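Below: the structure, in structure tokens.
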Amino acid sequence: AQSVTQPDIHITVSEGASLELRCNYSYGATPYLFWYVQSPGQGLQLLLKYFSGDTLVQGIKGFEAEFKRSQSSFNLRKPSVHWSDAAEYFCAVGAYQGAQKLVFGQGTRLTINP
Amino acid sequence: NAGVTQTPKFRVLKTGQSMTLLCAQDMNHEYMYWYRQDPGMGLRLIHYSVGEGTTAKGEVPDGYNVSRLKKQNFLLGLESAAPSQTSVYFCASSYSSWPYEQYFGPGTRLTVT
């Protein structure tokens, strides 16, 4: 069965600083990987996804993620964070098992210092 | 195009009471899902549906029932609420051709006292 680990529960960065959120997955086949963002009191919004092809994927709001099969990782990056990026971020791995099932990591809460 | 909507947004129940959460989507998606979100545990799949009239169990189905009488609606029922069901519930939907991302509703915050 697939699983996802986000090692960092809470990260604080200064506005304008770079950001990297870690995600490690476990899955026997080719993974389909997603990053979602959840702003306070809101639902989840898809930031980006990896299905195949180029291992560096671009998403919305200036985010990107790199798939590294050798490290079973799919880390999320942004070169310069904005105060509006404060939110909770979820990594997920998908598999087709009768339906498209997503397994989510525990989430990383991002705080931005002014 | 409203996407995925959920009603109600908030609800407080007493132990043993019942309620139904409604999820509606206007994207003509085949698949629909119910998740619960608890602190430090991410989202866990409760039940899902691959089409009108079908339902299946997810990771944490105990204490919940679902129905999909219409393609656009997916109902989640709690027959006898327990404090352990205090959570935020999210509905999602997706196309049936794999792989496609899931689209999420805004959530329902349920407290069981």
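The chains in the structure tokens are called A, B, ... from first to last as shown; in each chain the residues are counted from 1, and the ligands are counted from 1 in the order shown.
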Provide as a PyMOL selection string the residues of chain B at most 12 Å from chain A, counting only C-alpha atoms.
-> chain B and resi 3-6+9-10+30-51+54-59+88-109
Hey, what does DSSP flag as helix (DSSP H, G or I) within range 36-113 of chain A? Can you give it to me as a list in words?
->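 Taking range 36-113 of chain A and keeping helix (DSSP H, G or I) gives Ile60, Lys61, Gly62, Arg69, Ser70, Gln71, Trp83, Ser84 and Asp85 of chain A.
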Would you put the residues from that selection into a file with C-alpha atoms, as a compact mmCIF listing (two decimals), in the first residue's frame?
# COMPACT_ATOMS: atom_id res chain seq x y z
CA ILE A 60 0.33 27.76 -9.71
CA LYS A 61 1.38 30.67 -7.51
CA GLY A 62 5.06 30.28 -8.47
CA ARG A 69 12.62 8.42 -8.06
CA SER A 70 15.95 7.39 -6.49
CA GLN A 71 15.06 9.23 -3.30
CA TRP A 83 2.73 36.45 3.23
CA SER A 84 -0.26 34.99 1.36
CA ASP A 85 1.56 31.64 1.11
Would you work out the distance separating CA of Thr30 in chain A from CA of Thr5 in chain A, expressed in Å to one decimal?
-> 17.1 Å
Which polymer residues have any atom within 10 Å of an atom of Glu79 in chain B, counting only C-alpha atoms, with same-chain residues fewer than 6 positions away left out, as a PyMOL selection string?
-> chain B and resi 16-20+63-65
Mind giving me the straight-line distance from CA of Ser80 in chain A to CA of Phe63 in chain A in Å, one decimal?
->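 For CA of Ser80 in chain A relative to CA of Phe63 in chain A, the distance reads 9.5 Å.
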Within 10 Å of Pro40 in chain A, counting only C-alpha atoms, which residues show up once you throw out same-chain ones fewer than 3 positions away? Write them as a PyMOL selection string, please.
-> chain A and resi 37+43+86-88
